[in-house]
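Source file: target_17.cif (mmCIF, C-alpha atoms)
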```
data_my_file
#
loop_
_atom_site.label_atom_id
_atom_site.label_comp_id
_atom_site.auth_asym_id
_atom_site.auth_seq_id
_atom_site.Cartn_x
_atom_site.Cartn_y
_atom_site.Cartn_z
CA MET U 748 19.07 19.96 257.32
CA LYS U 749 21.88 22.03 258.70
CA GLN U 750 22.34 22.02 262.47
CA LYS U 751 22.37 25.32 264.25
CA SER U 752 25.96 26.08 265.15
CA SER U 753 26.78 26.41 268.81
CA SER U 754 29.46 28.18 270.79
CA TRP U 755 31.37 26.44 273.58
CA LEU U 756 33.23 28.10 276.40
CA ILE U 757 35.15 26.84 279.41
CA ARG U 758 36.10 29.51 281.92
CA PRO U 759 36.78 29.97 285.64
CA ALA U 760 33.59 30.14 287.68
CA THR U 761 32.50 33.24 289.56
CA SER U 762 30.05 33.57 292.43
CA LYS U 763 27.38 34.49 289.86
CA ASP U 764 27.60 30.91 288.57
CA HIS U 765 26.81 29.31 291.91
CA GLU U 766 23.09 28.82 291.29
CA ALA U 767 23.74 27.06 287.99
CA ILE U 768 26.51 24.98 289.53
CA TRP U 769 24.23 23.94 292.35
CA ARG U 770 21.51 22.88 289.91
CA ILE U 771 23.99 20.59 288.15
CA ILE U 772 25.39 19.20 291.41
CA ARG U 773 21.87 18.52 292.70
CA SER U 774 20.80 16.68 289.56
CA VAL U 775 24.02 14.64 289.45
CA ILE U 776 24.03 13.51 293.08
CA LYS U 777 20.33 12.82 293.30
CA THR U 778 20.67 9.41 291.62
CA GLY U 779 23.27 8.22 294.15
CA ASP U 780 25.09 6.13 291.55
CA THR U 781 28.25 8.05 290.69
CA TYR U 782 29.18 10.50 293.45
CA VAL U 783 29.92 9.95 297.12
CA PHE U 784 27.58 12.70 298.31
CA THR U 785 24.16 11.81 299.62
CA PRO U 786 21.27 12.81 297.34
CA ASN U 787 20.07 15.04 300.20
CA ALA U 788 23.34 16.98 300.58
CA SER U 789 22.66 20.65 301.23
CA LYS U 790 23.36 23.44 298.77
CA GLU U 791 25.53 25.20 301.33
CA LYS U 792 27.69 22.14 301.98
CA MET U 793 28.08 21.28 298.32
CA LEU U 794 28.95 24.79 297.16
CA GLU U 795 31.46 25.06 299.99
CA TYR U 796 33.06 21.86 298.71
CA TRP U 797 32.87 22.69 295.00
CA CYS U 798 33.70 26.40 295.13
CA GLY U 799 35.71 26.70 298.35
CA PRO U 800 38.94 28.69 298.70
CA ASP U 801 41.10 25.62 297.99
CA ALA U 802 39.35 24.91 294.67
CA TYR U 803 39.95 26.07 291.12
CA THR U 804 36.37 25.90 289.84
CA TYR U 805 35.43 26.02 286.16
CA VAL U 806 32.20 26.01 284.19
CA ALA U 807 31.51 24.76 280.66
CA LEU U 808 28.91 26.62 278.65
CA ILE U 809 27.10 25.90 275.41
CA ASP U 810 25.52 29.01 273.94
CA ASP U 811 25.89 30.86 277.24
CA THR U 812 24.21 28.15 279.32
CA ILE U 813 26.23 26.29 281.93
CA LYS U 814 26.16 22.56 281.10
CA GLY U 815 29.08 21.29 283.15
CA THR U 816 31.48 22.17 285.91
CA PHE U 817 34.76 20.86 287.21
CA VAL U 818 37.16 21.51 290.03
CA LEU U 819 40.92 21.19 290.40
CA ARG U 820 42.64 21.30 293.77
CA ASP U 821 45.63 19.89 295.63
CA ASN U 822 45.02 16.19 296.18
CA LYS U 823 46.90 16.38 299.49
CA PRO U 824 48.51 19.18 301.51
CA ASP U 825 52.20 20.00 301.74
CA LEU U 826 54.42 17.10 300.60
CA GLY U 827 51.59 15.75 298.43
CA SER U 828 50.40 19.04 296.98
CA HIS U 829 52.23 18.57 293.67
CA ILE U 830 49.47 16.16 292.63
CA GLY U 831 46.18 17.69 291.51
CA ASN U 832 42.75 16.24 292.11
CA GLY U 833 39.85 16.69 289.71
CA SER U 834 36.05 16.39 289.97
CA TYR U 835 33.67 16.77 287.05
CA MET U 836 29.91 17.01 286.63
CA VAL U 837 27.78 17.32 283.50
CA ASP U 838 24.14 18.37 283.45
CA PRO U 839 22.34 15.03 282.94
CA ALA U 840 20.17 16.68 280.28
CA ALA U 841 23.34 17.42 278.28
CA HIS U 842 24.91 13.97 278.29
CA GLY U 843 26.35 12.68 275.03
CA LEU U 844 27.51 16.02 273.69
CA GLY U 845 31.13 15.56 274.69
CA ILE U 846 31.14 18.09 277.51
CA GLY U 847 32.87 15.66 279.88
CA ARG U 848 35.66 15.06 277.39
CA ARG U 849 36.09 18.77 276.71
CA MET U 850 36.28 19.47 280.45
CA GLY U 851 38.71 16.60 280.93
CA GLU U 852 41.02 17.91 278.20
CA HIS U 853 40.80 21.43 279.56
CA SER U 854 41.52 20.26 283.10
CA ILE U 855 44.66 18.44 281.93
CA ALA U 856 45.94 21.61 280.27
CA GLU U 857 45.01 23.74 283.28
CA ALA U 858 46.56 21.33 285.78
CA LYS U 859 49.82 21.50 283.80
CA ARG U 860 49.65 25.27 283.74
CA LEU U 861 49.04 25.35 287.50
CA GLY U 862 52.22 23.33 288.00
CA TYR U 863 50.78 19.98 289.05
CA HIS U 864 52.87 16.93 288.15
CA ALA U 865 49.88 14.61 287.77
CA ILE U 866 46.12 14.39 288.24
CA GLN U 867 44.73 11.79 290.62
CA PHE U 868 41.13 10.69 291.05
CA ASN U 869 40.51 8.96 294.37
CA TYR U 870 36.98 7.83 293.81
CA VAL U 871 35.83 6.75 290.35
CA VAL U 872 32.91 4.37 290.85
CA LYS U 873 33.74 1.21 288.90
CA THR U 874 30.22 0.81 287.52
CA ASN U 875 30.29 4.36 286.11
CA GLN U 876 31.58 2.94 282.84
CA PRO U 877 31.19 6.13 280.73
CA ALA U 878 33.44 7.98 283.19
CA VAL U 879 35.98 5.15 283.42
CA ASN U 880 36.15 4.89 279.61
CA LEU U 881 36.48 8.63 279.22
CA TRP U 882 39.40 8.81 281.64
CA LEU U 883 41.14 5.80 280.08
CA SER U 884 40.81 7.43 276.66
CA LEU U 885 42.36 10.62 278.03
CA GLY U 886 45.44 8.76 279.21
CA PHE U 887 44.53 8.03 282.80
CA GLU U 888 45.36 4.62 284.20
CA ILE U 889 43.76 2.64 286.99
CA VAL U 890 46.34 2.55 289.79
CA GLY U 891 44.11 1.15 292.50
CA GLU U 892 40.80 -0.55 293.20
CA VAL U 893 39.17 -0.30 296.61
CA PRO U 894 36.62 -3.04 297.36
CA GLU U 895 33.06 -1.99 298.15
CA ALA U 896 33.97 1.59 298.99
CA PHE U 897 30.82 3.12 297.48
CA ASN U 898 27.27 2.49 298.64
CA HIS U 899 25.52 2.60 295.24
CA SER U 900 21.82 3.45 295.39
CA GLN U 901 20.81 0.46 293.21
CA LEU U 902 23.76 -1.94 293.31
CA GLY U 903 24.80 -1.65 296.94
CA TYR U 904 28.48 -1.80 297.86
CA THR U 905 30.53 -1.21 294.75
CA ASN U 906 34.26 -0.99 294.04
CA VAL U 907 35.99 2.30 293.44
CA TYR U 908 38.99 3.00 291.21
CA VAL U 909 41.92 5.25 291.92
CA MET U 910 42.96 6.75 288.57
CA TYR U 911 46.05 8.73 287.68
CA ARG U 912 47.59 10.60 284.78
CA LYS U 913 51.07 12.02 284.68
CA LEU U 914 51.25 15.50 283.15
CA MET B 1185 68.39 -9.39 335.41
CA LYS B 1186 64.65 -9.04 335.54
CA GLN B 1187 63.10 -6.21 333.50
CA LYS B 1188 60.91 -3.74 335.26
CA SER B 1189 57.33 -4.56 334.36
CA SER B 1190 55.37 -1.90 332.55
CA SER B 1191 51.71 -1.09 332.15
CA TRP B 1192 50.19 -0.33 328.75
CA LEU B 1193 47.00 1.52 328.12
CA ILE B 1194 45.15 2.61 324.98
CA ARG B 1195 42.26 4.99 325.58
CA PRO B 1196 40.33 7.80 323.88
CA ALA B 1197 42.21 11.09 323.98
CA THR B 1198 40.95 14.13 325.87
CA SER B 1199 41.88 17.77 325.45
CA LYS B 1200 44.39 17.32 328.29
CA ASP B 1201 46.39 15.05 325.97
CA HIS B 1202 46.80 17.65 323.25
CA GLU B 1203 50.23 18.85 324.31
CA ALA B 1204 51.60 15.30 324.36
CA ILE B 1205 49.92 14.51 321.03
CA TRP B 1206 51.41 17.62 319.50
CA ARG B 1207 54.91 16.66 320.70
CA ILE B 1208 54.58 13.29 318.97
CA ILE B 1209 53.15 14.79 315.77
CA ARG B 1210 55.92 17.38 315.66
CA SER B 1211 58.67 14.80 316.08
CA VAL B 1212 57.11 12.46 313.50
CA ILE B 1213 56.57 15.02 310.76
CA LYS B 1214 59.85 16.84 311.23
CA THR B 1215 61.79 14.25 309.22
CA GLY B 1216 59.51 14.61 306.17
CA ASP B 1217 59.87 10.96 305.26
CA THR B 1218 56.61 9.28 306.27
CA TYR B 1219 53.79 11.81 306.56
CA VAL B 1220 52.36 14.22 304.05
CA PHE B 1221 52.49 17.22 306.38
CA THR B 1222 55.29 19.71 306.06
CA PRO B 1223 57.84 19.63 308.90
CA ASN B 1224 56.81 23.23 309.63
CA ALA B 1225 53.09 22.53 310.01
CA SER B 1226 51.60 24.54 312.85
CA LYS B 1227 50.40 23.09 316.13
CA GLU B 1228 46.97 24.60 315.60
CA LYS B 1229 46.54 23.10 312.14
CA MET B 1230 47.80 19.67 313.15
CA LEU B 1231 45.68 19.41 316.30
CA GLU B 1232 42.64 20.51 314.34
CA TYR B 1233 43.34 17.67 311.90
CA TRP B 1234 44.23 15.03 314.49
CA CYS B 1235 41.68 15.87 317.17
CA GLY B 1236 38.89 17.57 315.18
CA PRO B 1237 35.19 16.86 315.62
CA ASP B 1238 35.18 14.24 312.83
CA ALA B 1239 37.99 12.22 314.47
CA TYR B 1240 38.02 9.41 317.02
CA THR B 1241 41.39 10.12 318.62
CA TYR B 1242 43.23 7.66 320.85
CA VAL B 1243 46.46 7.69 322.82
CA ALA B 1244 48.73 4.79 323.79
CA LEU B 1245 50.53 5.05 327.11
CA ILE B 1246 53.35 3.11 328.70
CA ASP B 1247 53.53 3.70 332.45
CA ASP B 1248 51.30 6.75 332.18
CA THR B 1249 53.36 8.41 329.45
CA ILE B 1250 51.86 8.93 326.00
CA LYS B 1251 54.02 7.14 323.43
CA GLY B 1252 51.67 6.94 320.49
CA THR B 1253 48.43 8.23 319.07
CA PHE B 1254 46.03 7.23 316.34
CA VAL B 1255 42.88 8.50 314.72
CA LEU B 1256 39.89 6.81 313.13
CA ARG B 1257 37.41 8.71 311.01
CA ASP B 1258 35.11 8.26 308.00
CA ASN B 1259 37.29 7.86 304.92
CA LYS B 1260 34.65 9.67 302.83
CA PRO B 1261 31.33 11.37 303.57
CA ASP B 1262 27.86 9.96 302.99
CA LEU B 1263 27.87 7.02 300.53
CA GLY B 1264 31.50 6.27 301.41
CA SER B 1265 31.26 6.72 305.16
CA HIS B 1266 31.04 2.98 305.90
CA ILE B 1267 34.80 2.77 305.32
CA GLY B 1268 37.04 3.98 308.13
CA ASN B 1269 40.35 5.74 307.71
CA GLY B 1270 43.22 5.38 310.17
CA SER B 1271 46.36 7.41 310.95
CA TYR B 1272 49.00 6.36 313.46
CA MET B 1273 52.04 7.98 315.02
CA VAL B 1274 54.58 6.62 317.48
CA ASP B 1275 57.02 8.73 319.49
CA PRO B 1276 60.29 8.18 317.59
CA ALA B 1277 62.05 7.63 320.93
CA ALA B 1278 59.74 4.68 321.57
CA HIS B 1279 60.19 2.80 318.29
CA GLY B 1280 60.67 -0.95 318.47
CA LEU B 1281 58.48 -1.58 321.49
CA GLY B 1282 55.46 -2.73 319.51
CA ILE B 1283 53.33 0.34 320.11
CA GLY B 1284 52.40 0.65 316.44
CA ARG B 1285 51.23 -2.96 316.34
CA ARG B 1286 49.24 -2.57 319.54
CA MET B 1287 47.56 0.57 318.18
CA GLY B 1288 46.89 -1.15 314.87
CA GLU B 1289 45.21 -4.09 316.60
CA HIS B 1290 43.20 -1.80 318.82
CA SER B 1291 42.12 0.35 315.87
CA ILE B 1292 40.85 -2.73 314.02
CA ALA B 1293 38.73 -3.73 317.02
CA GLU B 1294 37.49 -0.18 317.51
CA ALA B 1295 36.67 0.32 313.84
CA LYS B 1296 34.56 -2.86 313.96
CA ARG B 1297 32.82 -1.66 317.09
CA LEU B 1298 32.13 1.72 315.45
CA GLY B 1299 30.41 -0.10 312.59
CA TYR B 1300 32.92 0.42 309.81
CA HIS B 1301 33.04 -2.31 307.14
CA ALA B 1302 36.74 -1.85 306.38
CA ILE B 1303 39.74 0.34 307.13
CA GLN B 1304 41.44 2.15 304.26
CA PHE B 1305 44.77 3.96 304.26
CA ASN B 1306 45.13 6.40 301.39
CA TYR B 1307 48.71 7.37 301.84
CA VAL B 1308 51.24 4.81 303.07
CA VAL B 1309 54.64 5.93 301.79
CA LYS B 1310 56.15 2.95 299.96
CA THR B 1311 59.62 3.47 301.41
CA ASN B 1312 58.23 3.41 304.96
CA GLN B 1313 58.90 -0.32 305.09
CA PRO B 1314 58.27 -0.81 308.83
CA ALA B 1315 54.77 0.61 308.41
CA VAL B 1316 54.05 -1.35 305.21
CA ASN B 1317 55.22 -4.59 306.87
CA LEU B 1318 53.18 -3.91 309.99
CA TRP B 1319 50.00 -3.36 308.01
CA LEU B 1320 50.58 -6.43 305.83
CA SER B 1321 51.10 -8.53 308.97
CA LEU B 1322 47.82 -7.20 310.38
CA GLY B 1323 45.88 -8.38 307.34
CA PHE B 1324 45.90 -5.24 305.22
CA GLU B 1325 46.48 -5.59 301.51
CA ILE B 1326 47.91 -3.16 298.99
CA VAL B 1327 45.01 -2.22 296.71
CA GLY B 1328 46.68 0.66 294.91
CA GLU B 1329 49.99 2.34 294.21
CA VAL B 1330 50.14 5.98 293.19
CA PRO B 1331 53.33 7.01 291.39
CA GLU B 1332 55.46 9.76 292.93
CA ALA B 1333 52.67 11.10 295.13
CA PHE B 1334 54.92 11.93 298.09
CA ASN B 1335 57.75 14.44 298.08
CA HIS B 1336 60.15 12.61 300.41
CA SER B 1337 62.69 14.84 302.16
CA GLN B 1338 65.65 12.65 301.15
CA LEU B 1339 64.44 10.51 298.27
CA GLY B 1340 62.34 13.02 296.34
CA TYR B 1341 59.16 11.87 294.64
CA THR B 1342 58.17 8.52 296.05
CA ASN B 1343 55.25 6.15 295.44
CA VAL B 1344 52.39 5.84 297.88
CA TYR B 1345 50.30 2.74 298.64
CA VAL B 1346 46.57 2.56 299.18
CA MET B 1347 46.01 -0.18 301.77
CA TYR B 1348 42.79 -1.84 302.86
CA ARG B 1349 41.52 -4.37 305.37
CA LYS B 1350 38.02 -5.76 305.49
CA LEU B 1351 36.61 -6.00 309.00
#
```
Could I get this structure in the form of structure tokens?
Amino acid sequence: MKQKSSSWLIRPATSKDHEAIWRIIRSVIKTGDTYVFTPNASKEKMLEYWCGPDAYTYVALIDDTIKGTFVLRDNKPDLGSHIGNGSYMVDPAAHGLGIGRRMGEHSIAEAKRLGYHAIQFNYVVKTNQPAVNLWLSLGFEIVGEVPEAFNHSQLGYTNVYVMYRKL
Amino acid sequence: MKQKSSSWLIRPATSKDHEAIWRIIRSVIKTGDTYVFTPNASKEKMLEYWCGPDAYTYVALIDDTIKGTFVLRDNKPDLGSHIGNGSYMVDPAAHGLGIGRRMGEHSIAEAKRLGYHAIQFNYVVKTNQPAVNLWLSLGFEIVGEVPEAFNHSQLGYTNVYVMYRKL
């Protein structure tokens, strides 16, 4: 049987997207196994972080429904601001569709366009193997490993990778 | 001939120390070769960073004059907040006296006392050999190296180390 065709869109977020972004953030952080934020982090705090004035925020939609979101921003101020930092979240109910990969590819193109020389991730949880594999397949390399930097909800203190991709 | 004896003190900073702290910050960042902040960074911005509510700020004095300052704070929020982050600055006119080492030792003891499991530095400029050697001698290890993350005023894009010491 033929699958229903779907339309995909990645675009900059607007304030009208904040409720949908918050729903994704909430469902991603609530398991405490991939992101540094406590499962109880407030909507206000998280939207300030994800959609603040220093952030380029994007949303990924399938058939007009937001299924993922990512953020680009300067990794450091001033003499380190030529390196971009990226954060990505996919609606857990939409895993396996390739949204993370699509957002990763788009973020690489956007980071180039914005003038960044490289993208750096400071905090990829080592046990988050789907994320690590995705980034490796998109040309990122592991440039650092910090022992026990993440307090994983099930595994306890877990190592964290620093990953990097030249643009 | 006998040297004049001197008294050394490391203590938490108060708001009365802000002018002295700012003078050190200004003289350290103005060369653009060790810290990420632009040589033109404003006093307001730098004091907010160095002495903000999330920071444990200390000063090091020789004979009642502030010669150095350092900061401890959570390296990450929430599930990463068990790792401390440290930043250190020495008055360039007081280099070679061992103030950096004394502050490093004190920060290790303080970070333990504050309950941190480790200290992490995210941004040690590789060409800042005195700092790298100091941290290695105090038991830190290099756990990451980020290519060309620092725009050095003389050398251009320069690698940055991530350093780490378990407590």
Take the PyMOL selection byres ((chain B) within 10 of (chain U)), apply it to the structure above, and return the hits as an MDAnalysis selection string. chainID B and resid 1216:1225 1259:1268 1301:1302 1304 1306:1307 1326:1337 1340:1341 1344:1350
Point-to-point distance in Å for CA of Tyr863 (chain U) and CA of Ile846 (chain U):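 Straight-line distance from CA of Ile846 (chain U) to CA of Tyr863 (chain U) works out to 22.9 Å.
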List as a list of chain:residue names: which residues have an atom within 9 Å of (33.6, 15.5, 309.1), counting only C-alpha atoms?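 Protein and nucleic acid residues near the point are B:Gly1236, B:Pro1237, B:Asp1238, B:Ala1239, B:Arg1257, B:Asp1258, B:Lys1260, B:Pro1261.
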Kindly resolve the PyMOL selection byres ((chain U and resi 804) around 9) on the present coordinates and return the residues as a ChimeraX atom specification. /U:758-761,797-799,802-803,805-806,816-820
What's the 12 Å shell around region 1277-1279 of chain B, counting all atoms listed in the file, without same-chain residues fewer than 5 positions away, as a ChimeraX atom specification? /B:1207-1208,1211-1212,1244-1246,1249-1252,1284-1285,1314-1315
Mind pulling up the distance from CA of Thr1215 (chain B) to CA of Asp1201 (chain B)?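 The value is 22.8 Å.
With CA of Leu756 (chain U) on one side and CA of Val872 (chain U) on the other, the separation reads 27.8 Å.
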Let me have the centre and edge lengths of the axis-aligned box enclosing all listed atoms of region 1252-1258 of chain B with 8 Å padding on every side, in Å to one decimal, as lines of an AutoDock Vina configuration file.
```
center_x = 43.4
center_y = 7.8
center_z = 314.2
size_x = 32.6
size_y = 17.9
size_z = 28.5
```
